[in-house]
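So this one's entry33.cif, mmCIF, C-alpha atoms:
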```cif
data_entry
#
loop_
_atom_site.label_atom_id
_atom_site.label_comp_id
_atom_site.auth_asym_id
_atom_site.auth_seq_id
_atom_site.Cartn_x
_atom_site.Cartn_y
_atom_site.Cartn_z
CA MET A 1 -37.02 13.44 -11.80
CA LYS A 2 -34.81 10.62 -12.98
CA THR A 3 -31.69 10.01 -11.01
CA LEU A 4 -28.21 8.65 -11.56
CA THR A 5 -26.13 6.55 -9.23
CA VAL A 6 -23.02 8.41 -8.20
CA SER A 7 -20.09 6.62 -6.65
CA VAL A 8 -16.91 8.33 -5.59
CA VAL A 9 -14.00 5.97 -5.02
CA THR A 10 -10.52 6.72 -3.68
CA PRO A 11 -7.57 4.49 -2.79
CA SER A 12 -8.60 4.67 0.88
CA GLY A 13 -12.05 3.30 0.11
CA PRO A 14 -15.39 4.47 -1.22
CA VAL A 15 -16.36 8.00 -0.16
CA LEU A 16 -19.94 8.12 -1.29
CA GLU A 17 -22.51 6.15 -3.19
CA ASP A 18 -25.98 7.59 -3.67
CA GLU A 19 -28.66 8.71 -6.11
CA TYR A 20 -28.56 12.25 -7.47
CA GLU A 21 -30.38 14.13 -10.20
CA MET A 22 -27.46 16.07 -11.53
CA VAL A 23 -23.70 16.05 -11.27
CA VAL A 24 -21.68 19.13 -12.13
CA ALA A 25 -17.94 18.66 -12.39
CA ARG A 26 -15.09 20.74 -13.72
CA ALA A 27 -13.35 18.72 -16.39
CA GLU A 28 -10.05 19.88 -17.80
CA SER A 29 -11.88 21.23 -20.83
CA GLY A 30 -14.54 23.09 -18.80
CA GLU A 31 -17.57 22.49 -16.61
CA ILE A 32 -19.73 19.50 -17.45
CA GLY A 33 -23.22 18.87 -16.14
CA ILE A 34 -24.45 15.30 -16.20
CA LEU A 35 -28.15 14.42 -16.09
CA ALA A 36 -29.81 11.02 -16.29
CA ASN A 37 -29.44 9.19 -19.61
CA HIS A 38 -26.23 10.97 -20.47
CA ILE A 39 -24.25 9.20 -23.18
CA PRO A 40 -21.21 7.22 -21.97
CA LEU A 41 -18.40 9.62 -21.23
CA VAL A 42 -14.92 9.64 -19.79
CA ALA A 43 -13.28 12.87 -18.73
CA PRO A 44 -10.32 13.82 -16.53
CA LEU A 45 -11.26 16.26 -13.76
CA SER A 46 -9.36 19.24 -12.51
CA ILE A 47 -8.87 20.04 -8.84
CA ALA A 48 -12.25 21.56 -8.03
CA ALA A 49 -15.51 20.99 -6.26
CA VAL A 50 -17.95 18.48 -7.69
CA ARG A 51 -21.57 19.49 -7.09
CA LEU A 52 -24.22 16.87 -6.58
CA VAL A 53 -27.83 18.04 -6.88
CA ARG A 54 -30.96 16.31 -5.62
CA GLY A 55 -34.23 18.28 -5.44
CA ASN A 56 -33.37 21.48 -3.62
CA GLU A 57 -30.36 19.99 -1.91
CA GLU A 58 -26.93 20.56 -3.22
CA MET A 59 -23.84 18.90 -1.92
CA LYS A 60 -20.24 19.71 -2.70
CA LEU A 61 -17.30 17.36 -2.70
CA ALA A 62 -13.66 18.41 -2.75
CA VAL A 63 -12.18 16.20 -5.45
CA ASN A 64 -8.47 16.24 -6.23
CA GLY A 65 -8.24 15.54 -9.90
CA GLY A 66 -8.90 12.06 -11.11
CA VAL A 67 -11.25 10.79 -13.75
CA MET A 68 -15.01 10.71 -14.17
CA GLU A 69 -16.71 7.89 -16.02
CA VAL A 70 -20.36 7.96 -17.03
CA SER A 71 -22.14 4.92 -18.38
CA SER A 72 -25.73 3.66 -18.23
CA ASN A 73 -26.85 6.13 -15.56
CA LYS A 74 -23.88 5.44 -13.36
CA VAL A 75 -21.34 8.12 -12.61
CA THR A 76 -18.04 6.93 -11.20
CA ILE A 77 -15.45 9.37 -9.98
CA LEU A 78 -11.99 7.94 -9.41
CA ALA A 79 -9.75 10.34 -7.56
CA GLN A 80 -6.70 10.17 -5.36
CA SER A 81 -8.65 11.92 -2.68
CA ALA A 82 -12.20 13.18 -2.27
CA GLU A 83 -13.80 14.67 0.81
CA LYS A 84 -17.23 15.64 2.01
CA PRO A 85 -17.45 19.12 3.55
CA GLU A 86 -17.80 17.71 7.08
CA ASP A 87 -14.68 15.54 6.67
CA ILE A 88 -12.39 18.37 5.70
CA ASP A 89 -9.74 19.41 8.17
CA VAL A 90 -10.06 23.18 7.70
CA GLU A 91 -7.10 24.00 9.93
CA ARG A 92 -4.83 21.70 7.96
CA ALA A 93 -6.03 23.06 4.63
CA ARG A 94 -5.40 26.61 5.83
CA ARG A 95 -1.87 25.71 6.88
CA ALA A 96 -1.26 23.98 3.54
CA LYS A 97 -2.50 27.08 1.75
CA GLU A 98 -0.14 29.37 3.66
CA ARG A 99 2.78 27.04 3.10
CA ALA A 100 2.10 26.83 -0.62
CA GLU A 101 1.74 30.61 -0.90
CA ARG A 102 5.00 31.17 0.93
CA ARG A 103 6.74 28.75 -1.41
CA LEU A 104 5.36 30.42 -4.49
CA GLN A 105 6.34 33.88 -3.28
CA SER A 106 9.83 32.96 -2.20
CA ASN A 107 10.97 32.77 -5.83
CA GLU A 108 13.80 30.44 -5.07
CA GLU A 109 15.33 28.17 -7.63
CA HIS A 110 15.06 24.80 -5.94
CA ILE A 111 11.33 25.03 -5.32
CA ASP A 112 9.08 22.87 -7.42
CA ARG A 113 6.63 25.51 -8.54
CA LEU A 114 4.25 23.10 -10.16
CA ARG A 115 3.98 21.08 -7.00
CA ALA A 116 3.42 24.16 -4.87
CA GLU A 117 0.75 25.39 -7.25
CA LEU A 118 -1.05 22.07 -7.14
CA ALA A 119 -0.85 22.08 -3.35
CA LEU A 120 -2.31 25.58 -3.31
CA GLN A 121 -5.15 24.53 -5.60
CA ARG A 122 -5.95 21.55 -3.41
CA ALA A 123 -5.98 23.68 -0.27
CA LEU A 124 -8.17 26.37 -1.85
CA ASN A 125 -10.54 23.73 -3.15
CA ARG A 126 -10.87 22.20 0.31
CA LEU A 127 -11.44 25.56 1.98
CA ASN A 128 -13.98 26.52 -0.64
CA VAL A 129 -15.95 23.32 -0.17
CA ALA A 130 -15.74 23.41 3.61
CA ASN A 131 -17.21 26.92 3.74
CA ARG A 132 -20.00 25.97 1.38
CA MET B 1 24.39 -30.24 35.94
CA ALA B 2 23.28 -26.64 36.17
CA SER B 3 22.59 -25.45 39.66
CA LEU B 4 19.07 -24.89 40.92
CA ARG B 5 19.56 -21.15 40.91
CA ASP B 6 20.74 -21.11 37.29
CA ILE B 7 17.74 -23.06 36.11
CA LYS B 8 15.40 -20.83 38.05
CA ALA B 9 16.93 -17.72 36.49
CA ARG B 10 16.50 -19.20 33.04
CA ILE B 11 12.87 -20.02 33.70
CA GLU B 12 12.25 -16.47 34.85
CA SER B 13 13.89 -14.91 31.83
CA THR B 14 12.08 -17.22 29.41
CA LYS B 15 8.81 -16.27 31.08
CA LYS B 16 9.57 -12.60 30.51
CA THR B 17 10.39 -13.25 26.85
CA LYS B 18 7.15 -15.15 26.50
CA GLN B 19 5.22 -12.21 27.91
CA ILE B 20 6.78 -9.92 25.34
CA THR B 21 6.22 -12.20 22.39
CA SER B 22 2.63 -12.89 23.32
CA ALA B 23 1.98 -9.15 23.64
CA MET B 24 3.56 -8.62 20.22
CA HIS B 25 1.40 -11.39 18.86
CA LEU B 26 -1.74 -9.57 19.99
CA VAL B 27 -0.50 -6.27 18.61
CA SER B 28 0.26 -7.85 15.23
CA ALA B 29 -3.12 -9.53 15.20
CA SER B 30 -4.95 -6.25 15.60
CA LYS B 31 -2.67 -4.52 13.09
CA MET B 32 -3.30 -7.31 10.65
CA ASN B 33 -7.05 -6.87 10.95
CA LYS B 34 -6.72 -3.18 10.21
CA ALA B 35 -4.33 -3.80 7.31
CA GLU B 36 -6.66 -6.40 5.88
CA GLN B 37 -9.50 -3.90 6.07
CA ASN B 38 -7.38 -1.29 4.31
CA ALA B 39 -6.53 -3.73 1.57
CA ARG B 40 -10.19 -4.61 1.19
CA GLY B 41 -11.31 -0.96 1.19
CA TYR B 42 -8.94 -0.36 -1.65
CA VAL B 43 -10.33 -3.08 -3.90
CA PRO B 44 -13.29 -1.06 -5.31
CA TYR B 45 -10.93 1.69 -6.47
CA SER B 46 -8.52 -0.67 -8.17
CA GLU B 47 -11.32 -2.62 -9.85
CA LYS B 48 -12.96 0.53 -11.11
CA ILE B 49 -9.82 2.07 -12.45
CA GLN B 50 -8.87 -1.16 -14.17
CA GLU B 51 -12.31 -1.32 -15.72
CA VAL B 52 -12.07 2.19 -17.12
CA VAL B 53 -8.53 1.67 -18.40
CA SER B 54 -9.43 -1.55 -20.15
CA HIS B 55 -12.59 0.00 -21.60
CA ILE B 56 -10.53 2.65 -23.27
CA ALA B 57 -7.66 0.42 -24.26
CA ASN B 58 -9.91 -2.26 -25.72
CA SER B 59 -12.57 -0.12 -27.34
CA ASN B 60 -10.13 1.49 -29.69
CA PRO B 61 -7.24 -0.49 -31.14
CA ASP B 62 -5.51 2.60 -32.53
CA VAL B 63 -5.08 4.08 -29.12
CA SER B 64 -1.46 4.20 -28.11
CA HIS B 65 0.53 5.28 -25.12
CA PRO B 66 4.13 4.50 -24.15
CA MET B 67 2.89 2.66 -21.08
CA LEU B 68 0.93 0.21 -23.17
CA GLU B 69 3.66 -0.56 -25.63
CA LYS B 70 6.40 -3.10 -25.30
CA ARG B 71 9.83 -1.89 -26.22
CA GLU B 72 13.19 -3.53 -26.32
CA VAL B 73 14.34 -4.19 -22.79
CA LYS B 74 17.72 -2.75 -21.93
CA LYS B 75 17.16 -2.20 -18.26
CA THR B 76 14.65 -3.71 -15.89
CA GLY B 77 13.34 -2.14 -12.72
CA TYR B 78 12.39 -4.23 -9.70
CA LEU B 79 10.28 -2.68 -6.99
CA ILE B 80 10.47 -4.71 -3.81
CA ILE B 81 8.28 -4.31 -0.76
CA THR B 82 9.86 -5.37 2.53
CA SER B 83 9.33 -4.51 6.17
CA ASP B 84 11.22 -1.99 8.26
CA ARG B 85 11.82 -4.22 11.22
CA GLY B 86 12.54 -7.86 11.80
CA LEU B 87 10.58 -10.35 13.91
CA VAL B 88 8.42 -11.18 10.94
CA GLY B 89 9.60 -14.72 10.26
CA ALA B 90 10.55 -15.44 6.68
CA TYR B 91 8.59 -12.48 5.31
CA ASN B 92 11.58 -10.53 4.04
CA SER B 93 13.76 -13.45 3.06
CA HIS B 94 11.04 -14.79 0.76
CA VAL B 95 10.86 -11.54 -1.16
CA LEU B 96 14.62 -11.09 -1.25
CA LYS B 97 15.21 -14.64 -2.37
CA LEU B 98 12.75 -14.21 -5.21
CA LEU B 99 14.55 -11.03 -6.20
CA GLN B 100 17.96 -12.67 -6.08
CA ASP B 101 16.84 -15.74 -8.05
CA THR B 102 15.22 -13.60 -10.71
CA ILE B 103 18.25 -11.40 -11.08
CA GLU B 104 20.60 -14.36 -11.31
CA LYS B 105 18.44 -16.02 -13.89
CA ARG B 106 17.87 -13.03 -16.12
CA HIS B 107 20.78 -10.69 -15.87
CA LYS B 108 24.46 -10.96 -16.42
CA SER B 109 25.61 -7.54 -15.37
CA GLN B 110 24.45 -4.86 -12.98
CA ASP B 111 23.79 -2.48 -15.85
CA GLU B 112 20.77 -4.49 -16.82
CA TYR B 113 18.66 -3.86 -13.77
CA THR B 114 17.97 -1.52 -10.92
CA VAL B 115 16.10 -1.95 -7.67
CA ILE B 116 13.58 0.36 -6.06
CA VAL B 117 13.15 -0.49 -2.40
CA MET B 118 10.37 0.03 0.10
CA GLY B 119 11.38 -0.91 3.64
CA ARG B 120 14.62 -0.92 5.61
CA LYS B 121 15.25 -4.66 5.47
CA GLY B 122 15.29 -4.70 1.70
CA TYR B 123 17.45 -1.60 1.63
CA ASP B 124 20.05 -3.10 3.96
CA TYR B 125 20.07 -6.29 1.94
CA CYS B 126 20.71 -4.46 -1.33
CA ARG B 127 23.45 -2.40 0.28
CA ARG B 128 25.17 -5.52 1.59
CA ARG B 129 24.98 -7.25 -1.75
CA GLU B 130 25.89 -4.06 -3.56
CA LEU B 131 22.87 -4.17 -5.81
CA PRO B 132 22.13 -0.97 -7.70
CA VAL B 133 19.39 0.88 -5.78
CA SER B 134 17.93 3.83 -7.62
CA ASN B 135 15.30 4.89 -5.13
CA SER B 136 14.12 3.89 -1.71
CA ILE B 137 11.64 4.76 0.98
CA LEU B 138 12.09 3.72 4.59
CA GLY B 139 9.80 3.94 7.58
CA ILE B 140 6.47 3.43 5.88
CA ALA B 141 3.60 3.62 8.36
CA ASP B 142 1.77 0.45 9.37
CA HIS B 143 -1.31 1.71 7.64
CA PRO B 144 0.10 3.79 4.81
CA HIS B 145 -1.85 6.55 3.11
CA PHE B 146 -1.71 7.00 -0.58
CA ALA B 147 0.08 10.31 -0.10
CA ASP B 148 2.94 8.59 1.78
CA ILE B 149 4.12 6.63 -1.21
CA LYS B 150 2.94 8.92 -3.96
CA ALA B 151 6.34 10.48 -4.45
CA ILE B 152 8.21 7.22 -4.91
CA ALA B 153 5.46 5.77 -7.09
CA GLN B 154 5.49 8.83 -9.28
CA SER B 155 9.26 8.93 -9.64
CA THR B 156 9.33 5.21 -10.46
CA ILE B 157 6.78 5.68 -13.19
CA GLN B 158 8.68 8.72 -14.38
CA MET B 159 11.78 6.50 -14.75
CA TYR B 160 9.78 4.38 -17.12
CA ALA B 161 8.45 7.38 -19.01
CA ASP B 162 11.99 8.74 -19.36
CA GLU B 163 13.11 5.35 -20.70
CA GLU B 164 15.55 4.89 -17.87
CA ILE B 165 13.97 1.49 -17.38
CA ASP B 166 12.09 -0.44 -20.02
CA GLU B 167 10.00 -2.66 -17.82
CA LEU B 168 9.01 -2.70 -14.20
CA TYR B 169 8.32 -5.65 -11.94
CA ILE B 170 6.98 -5.52 -8.44
CA ILE B 171 7.90 -8.15 -5.87
CA TYR B 172 5.95 -8.49 -2.65
CA ASN B 173 4.23 -10.97 -0.39
CA HIS B 174 0.66 -11.52 -1.46
CA TYR B 175 -1.73 -11.91 1.44
CA VAL B 176 -3.77 -15.09 1.06
CA SER B 177 -4.84 -15.65 4.63
CA ALA B 178 -3.55 -15.08 8.14
CA ILE B 179 -1.39 -18.18 7.89
CA SER B 180 -0.42 -18.07 4.25
CA GLN B 181 1.44 -15.41 2.31
CA VAL B 182 2.89 -16.06 -1.11
CA PRO B 183 5.85 -14.17 -2.54
CA THR B 184 4.64 -12.81 -5.86
CA MET B 185 6.23 -11.09 -8.81
CA LYS B 186 4.06 -9.03 -11.11
CA LYS B 187 4.81 -7.11 -14.24
CA LEU B 188 3.65 -3.56 -13.75
CA LEU B 189 4.89 -1.75 -16.82
CA PRO B 190 4.26 -1.88 -19.69
CA ILE B 191 0.66 -2.49 -18.73
CA GLU B 192 -0.59 -5.83 -20.01
CA ASN B 193 -3.44 -8.22 -19.39
CA LEU B 194 -6.17 -5.72 -19.95
CA ASP B 195 -8.09 -8.17 -22.11
CA GLY B 196 -9.92 -9.65 -19.15
CA HIS B 197 -12.55 -6.92 -19.23
CA LYS B 198 -14.20 -6.79 -22.58
CA ALA B 199 -15.37 -3.41 -23.72
CA MET B 200 -19.04 -3.08 -22.89
CA HIS B 201 -19.62 0.30 -24.44
CA SER B 202 -17.41 0.88 -27.36
CA ASP B 203 -19.10 4.21 -28.03
CA TYR B 204 -17.72 6.29 -25.21
CA GLU B 205 -17.47 9.98 -25.64
CA TYR B 206 -14.06 11.23 -24.61
CA GLU B 207 -13.55 14.67 -23.28
CA PRO B 208 -11.18 16.02 -24.60
CA SER B 209 -9.62 12.96 -26.34
CA GLN B 210 -8.60 9.38 -25.68
CA GLU B 211 -4.91 10.20 -25.71
CA GLU B 212 -5.39 12.95 -23.16
CA ILE B 213 -7.38 10.69 -20.90
CA LEU B 214 -4.86 7.89 -21.09
CA LYS B 215 -2.16 10.39 -20.24
CA VAL B 216 -3.96 11.16 -16.98
CA LEU B 217 -5.32 7.74 -16.30
CA LEU B 218 -2.42 5.37 -16.95
CA PRO B 219 0.03 6.92 -14.48
CA GLN B 220 -2.77 7.00 -11.92
CA TYR B 221 -3.47 3.35 -12.70
CA ALA B 222 0.16 2.35 -12.31
CA GLU B 223 0.43 4.29 -9.05
CA SER B 224 -2.68 2.60 -7.80
CA LEU B 225 -1.18 -0.81 -8.59
CA ILE B 226 1.89 0.04 -6.54
CA TYR B 227 -0.24 1.26 -3.65
CA GLY B 228 -2.39 -1.86 -3.87
CA ALA B 229 0.68 -4.08 -3.70
CA LEU B 230 1.93 -2.13 -0.70
CA LEU B 231 -1.35 -2.59 1.16
CA ASP B 232 -1.29 -6.26 0.30
CA GLY B 233 2.32 -6.48 1.48
CA LYS B 234 1.52 -4.69 4.74
CA ALA B 235 -1.29 -7.13 5.51
CA SER B 236 1.16 -9.98 4.84
CA GLU B 237 3.77 -8.35 7.02
CA HIS B 238 1.48 -8.19 10.03
CA ALA B 239 0.23 -11.71 9.39
CA ALA B 240 3.80 -13.00 9.16
CA SER B 241 4.74 -11.14 12.30
CA MET B 242 1.72 -12.59 14.08
CA THR B 243 2.66 -16.14 13.09
CA ALA B 244 6.30 -15.61 14.04
CA MET B 245 5.32 -14.26 17.44
CA ARG B 246 2.90 -17.08 18.07
CA ASN B 247 5.60 -19.60 17.27
CA ALA B 248 8.00 -17.80 19.58
CA THR B 249 5.42 -17.89 22.37
CA ASP B 250 4.83 -21.60 21.82
CA ASN B 251 8.55 -22.29 21.85
CA ALA B 252 8.99 -20.31 25.03
CA GLU B 253 6.23 -22.33 26.66
CA GLU B 254 7.88 -25.57 25.62
CA LEU B 255 11.22 -24.38 26.93
CA ILE B 256 9.66 -23.39 30.24
CA ASP B 257 8.12 -26.85 30.55
CA THR B 258 11.45 -28.59 29.91
CA LEU B 259 13.27 -26.28 32.28
CA THR B 260 10.67 -26.75 35.00
CA LEU B 261 11.07 -30.50 34.64
CA SER B 262 14.83 -30.36 35.04
CA TYR B 263 14.42 -27.88 37.90
CA ASN B 264 12.18 -30.32 39.75
CA ARG B 265 14.54 -33.17 39.03
CA ALA B 266 17.50 -31.22 40.34
CA ARG B 267 15.53 -30.26 43.46
CA GLN B 268 14.49 -33.88 43.98
CA GLY B 269 18.12 -34.98 43.55
CA GLN B 270 19.30 -32.44 46.07
CA ILE B 271 16.76 -33.58 48.67
CA THR B 272 17.67 -37.22 48.12
CA GLN B 273 21.32 -36.39 48.52
CA GLN B 274 20.67 -34.47 51.74
CA ILE B 275 18.66 -37.36 53.19
CA THR B 276 21.44 -39.79 52.25
CA GLU B 277 23.97 -37.57 53.95
CA ILE B 278 21.90 -37.28 57.13
CA VAL B 279 21.18 -41.01 57.27
CA SER B 280 24.79 -41.97 56.66
CA GLY B 281 25.90 -39.37 59.22
CA ALA B 282 23.50 -40.84 61.79
CA ALA B 283 24.69 -44.38 60.92
CA ALA B 284 28.30 -43.35 61.48
CA LEU B 285 27.48 -42.16 65.01
CA GLU B 286 26.04 -45.49 66.14
#
```

Once more with this new file: its structure as structure tokens, please.
Amino acid sequence: MKTLTVSVVTPSGPVLEDEYEMVVARAESGEIGILANHIPLVAPLSIAAVRLVRGNEEMKLAVNGGVMEVSSNKVTILAQSAEKPEDIDVERARRAKERAERRLQSNEEHIDRLRAELALQRALNRLNVANR
Amino acid sequence: MASLRDIKARIESTKKTKQITSAMHLVSASKMNKAEQNARGYVPYSEKIQEVVSHIANSNPDVSHPMLEKREVKKTGYLIITSDRGLVGAYNSHVLKLLQDTIEKRHKSQDEYTVIVMGRKGYDYCRRRELPVSNSILGIADHPHFADIKAIAQSTIQMYADEEIDELYIIYNHYVSAISQVPTMKKLLPIENLDGHKAMHSDYEYEPSQEEILKVLLPQYAESLIYGALLDGKASEHAASMTAMRNATDNAEELIDTLTLSYNRARQGQITQQITEIVSGAAALE
């Protein structure tokens, strides 16, 4: 099967660059699957796992938002952070999740709800990807 | 002339100082390598994001976003990147001088500009000169993560979005090589100079729409520029500190040499004097 080159780049350096047959990402308007020869596309991503498929293998990446660009069989994902399952600090993500949940439940005025919600999403995304 | 003991004490203390500065030199050298690596690791991200932004901005002339549009300038923001500690030679003074010169040249009153500061040295300077500081972050790590400065980058960009400031400049030391760092001022907002990358595919499909994508992408782009400048600045900081410490070590060595010379001379003089005294004493007895 034809493949596409996928590169995931973050401010701390490239995370991954490899050939895959299919990329499935959650854009803000819904899930998008990208196969080889997809037309050029730009889409913002939501905080979710990006699935990379090759043969029977499937790999997940925890991507925190960012933008996906597809052009001439190259998929570039630009995100502020992106992690492979083995690089995720599960303990830290769990703590972040608890902290965010506590914040959201406390119902106090001065808490930035949006920020807490985003933190919760990031933590859940990481945990989800780490557990496969 | 200083006594033998005084000179000896000075030699000892200079030796100690030399030990410290040469250790700091080595530390800075290794930090600089790491910082240089960080700055290099960041390049792919910044190139990519710039490519995507310019694709969108150039492929469609109707596309508009406040960050791309010039507006009348009532207030200018300056973001300066300085270090938290001294012992970095002229690193901070270069940046601060550039800031001061620019302000003097362009502005008549303090209402026309505001300063956003990264690093204690810059903060102290602005406090002393009573410059208007609207935001600051102190104690940035030697190898900063994006998350460390995200808050200040976001709030700075928000200031622009809220029209609190109408343009934003960033002033930092650009890292050229281990021995050369150039103070640089760049215009960050509104975003300009995107023409360099010509649109290769003008027929992109945008999901959901170009405006939506620019809304996500441009703040991320601006944040990434700030982070890039910070990494660049950090590499310069360690390079400057390395050079300063090497100079200090060299100076200490020179000082030790001079002091050793005068120590030996004084010792020689003392011996000669003692011999003279003994000889004249013996002559007096005869």

Which residues, written as a PDB file with C-alpha atoms, in the coordinates of the input, have at least one atom at most 7 Å from Gly33 in chain A, with all atoms listed in the file counted and residues fewer than 6 positions away on the same chain left out?
```pdb
ATOM      1  CA  MET A  22     -27.460  16.070 -11.530  1.00  0.00           C
ATOM      2  CA  VAL A  23     -23.700  16.050 -11.270  1.00  0.00           C
ATOM      3  CA  VAL A  24     -21.680  19.130 -12.130  1.00  0.00           C
ATOM      4  CA  ALA A  25     -17.940  18.660 -12.390  1.00  0.00           C
TER       5      ALA A  25
END
```

query = Quick one: of B:Gln158, B:Thr102, B:Asn38, B:Ser241, who's nearest to chain A, counting only C-alpha atoms?
reply =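 Of all the options, B:Asn38 lies closest to chain A.
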
request  = Just need the residues of chain B within 9 Å of chain A, counting all atoms listed in the file, so spit them out as a PyMOL selection string.
outcome  = chain B and resi 38-46+48-49+52+56+145-147+201+203-210+212-213+216-217+220+224+227-228

Mind giving me the axis-aligned box for range 186-189 of chain B with 4 Å on every side, centre plus edges in Å to one decimal, as JSON?
```
{"center_x": 4.3, "center_y": -5.4, "center_z": -14.0, "size_x": 9.2, "size_y": 15.3, "size_z": 13.7}
```

inquiry  = Give me, as a list in words, all polymer residues having an atom no more than 12 Å from Gly139 in chain B, counting all atoms listed in the file and skipping those fewer than 3 positions away in the same chain.
reply    = Ile81, Thr82, Ser83, Asp84, Arg85, Val117, Met118, Gly119, Arg120, Lys121, Gly122, Tyr123, Ser136, Asp142, His143, Pro144, Asp148 and Ile149 of chain B

message = Residues near Leu131 in chain B, anyone? I mean within 10 Å using all atoms listed in the file, not counting same-chain ones fewer than 5 positions away, as a PyMOL selection string.
response = chain B and resi 100+110+113-115+123+125-126

inquiry  = For a quick check of understanding, using all atoms listed in the file, which of A:Arg99, A:Arg122, A:Arg92, A:Lys84 has the smallest distance to Asn64 in chain A?
reply    =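 Of A:Arg99, A:Arg122, A:Arg92, A:Lys84, the one nearest Asn64 in chain A is A:Arg122, counting all atoms listed in the file.
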
inquiry  = Using all atoms listed in the file, which protein or nucleic acid residues come within 10 Å of Lys15 in chain B? Drop anything in the same chain fewer than 3 positions from it, and give the result as a ChimeraX atom specification.
reply    = /B:9-12,18-21,249,252-253,255-256

inquiry  = Between CA of Glu47 in chain B and CA of Ala178 in chain B, what distance in Å does the model show, to one decimal?
reply    =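 Taking CA of Glu47 in chain B as the start and CA of Ala178 in chain B as the end point, the length is 23.2 Å.
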
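Reported to one decimal place, the separation of CA of Ser155 in chain B from CA of Glu130 in chain B is 22.0 Å.
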
key: the PyMOL selection byres ((chain A and resi 36) around 10) resolved against shown file, as a list in words   = Met1, Lys2, Thr3, Leu4, Thr5, Tyr20, Glu21, Met22, Val23, Ile34, Leu35, Asn37, His38, Ile39, Val70, Ser72, Asn73, Lys74 and Val75 of chain A

key: Interatomic distance (Å, one decimal) between CA of Thr243 in chain B and CA of Ile179 in chain B   =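 Distance reported for this atom pair: 6.9 Å.
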
Which residue of B:Val279, B:Ile191, B:Ala244, B:Ala239 approaches His65 in chain B most closely, using all atoms listed in the file =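 With all atoms listed in the file as the atom set, the closest residue is B:Ile191.
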
key: From B:Gln154, B:Ser30, B:Gln268, B:Ser236, residue lying nearest His174 in chain B [only C-alpha atoms]   =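 Checking each candidate against His174 in chain B, we get B:Ser236 as the closest.
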
key: Test item: residues at most 12 Å from Ile157 in chain B, all atoms listed in the file, excluding those fewer than 2 positions along its chain, as a ChimeraX atom specification   = /B:66-67,77-79,116,135,150-155,159-169,188-191,218-226

Show me the residues around (-3.7, 24.1, -5.7) - criterion: an atom at most 12 Å away, all atoms listed in the file counted - as a compact mmCIF listing (two decimals) with C-alpha atoms, keeping the file's coordinate frame.
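Contents of the output file result38.txt:
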```txt
# COMPACT_ATOMS: atom_id res chain seq x y z
CA SER A 46 -9.36 19.24 -12.51
CA ILE A 47 -8.87 20.04 -8.84
CA ALA A 48 -12.25 21.56 -8.03
CA ALA A 62 -13.66 18.41 -2.75
CA VAL A 63 -12.18 16.20 -5.45
CA ASN A 64 -8.47 16.24 -6.23
CA GLY A 65 -8.24 15.54 -9.90
CA ALA A 93 -6.03 23.06 4.63
CA ARG A 94 -5.40 26.61 5.83
CA ALA A 96 -1.26 23.98 3.54
CA LYS A 97 -2.50 27.08 1.75
CA GLU A 98 -0.14 29.37 3.66
CA ARG A 99 2.78 27.04 3.10
CA ALA A 100 2.10 26.83 -0.62
CA GLU A 101 1.74 30.61 -0.90
CA LEU A 104 5.36 30.42 -4.49
CA ARG A 113 6.63 25.51 -8.54
CA LEU A 114 4.25 23.10 -10.16
CA ARG A 115 3.98 21.08 -7.00
CA ALA A 116 3.42 24.16 -4.87
CA GLU A 117 0.75 25.39 -7.25
CA LEU A 118 -1.05 22.07 -7.14
CA ALA A 119 -0.85 22.08 -3.35
CA LEU A 120 -2.31 25.58 -3.31
CA GLN A 121 -5.15 24.53 -5.60
CA ARG A 122 -5.95 21.55 -3.41
CA ALA A 123 -5.98 23.68 -0.27
CA LEU A 124 -8.17 26.37 -1.85
CA ASN A 125 -10.54 23.73 -3.15
CA ARG A 126 -10.87 22.20 0.31
CA LEU A 127 -11.44 25.56 1.98
CA ASN A 128 -13.98 26.52 -0.64
```

Residue rebuild result range 36-42 of chain A, N, CA and C atoms as an mmCIF file, keeping the file's coordinate frame:
```
data_model
loop_
_atom_site.group_PDB
_atom_site.id
_atom_site.type_symbol
_atom_site.label_atom_id
_atom_site.label_comp_id
_atom_site.auth_asym_id
_atom_site.auth_seq_id
_atom_site.Cartn_x
_atom_site.Cartn_y
_atom_site.Cartn_z
ATOM 1 N N ALA A 36 -29.511 12.429 -16.001
ATOM 2 C CA ALA A 36 -29.810 11.020 -16.290
ATOM 3 C C ALA A 36 -29.801 10.791 -17.800
ATOM 4 N N ASN A 37 -29.506 9.584 -18.200
ATOM 5 C CA ASN A 37 -29.440 9.190 -19.610
ATOM 6 C C ASN A 37 -28.376 9.924 -20.422
ATOM 7 N N HIS A 38 -27.347 10.348 -19.756
ATOM 8 C CA HIS A 38 -26.230 10.970 -20.470
ATOM 9 C C HIS A 38 -25.522 9.876 -21.272
ATOM 10 N N ILE A 39 -24.956 10.232 -22.421
ATOM 11 C CA ILE A 39 -24.250 9.200 -23.180
ATOM 12 C C ILE A 39 -22.951 8.842 -22.429
ATOM 13 N N PRO A 40 -22.438 7.633 -22.672
ATOM 14 C CA PRO A 40 -21.210 7.220 -21.970
ATOM 15 C C PRO A 40 -20.087 8.229 -22.203
ATOM 16 N N LEU A 41 -19.396 8.562 -21.156
ATOM 17 C CA LEU A 41 -18.400 9.620 -21.230
ATOM 18 C C LEU A 41 -17.249 9.323 -20.277
ATOM 19 N N VAL A 42 -16.063 9.691 -20.699
ATOM 20 C CA VAL A 42 -14.920 9.640 -19.790
ATOM 21 C C VAL A 42 -14.226 10.981 -19.862
#
```
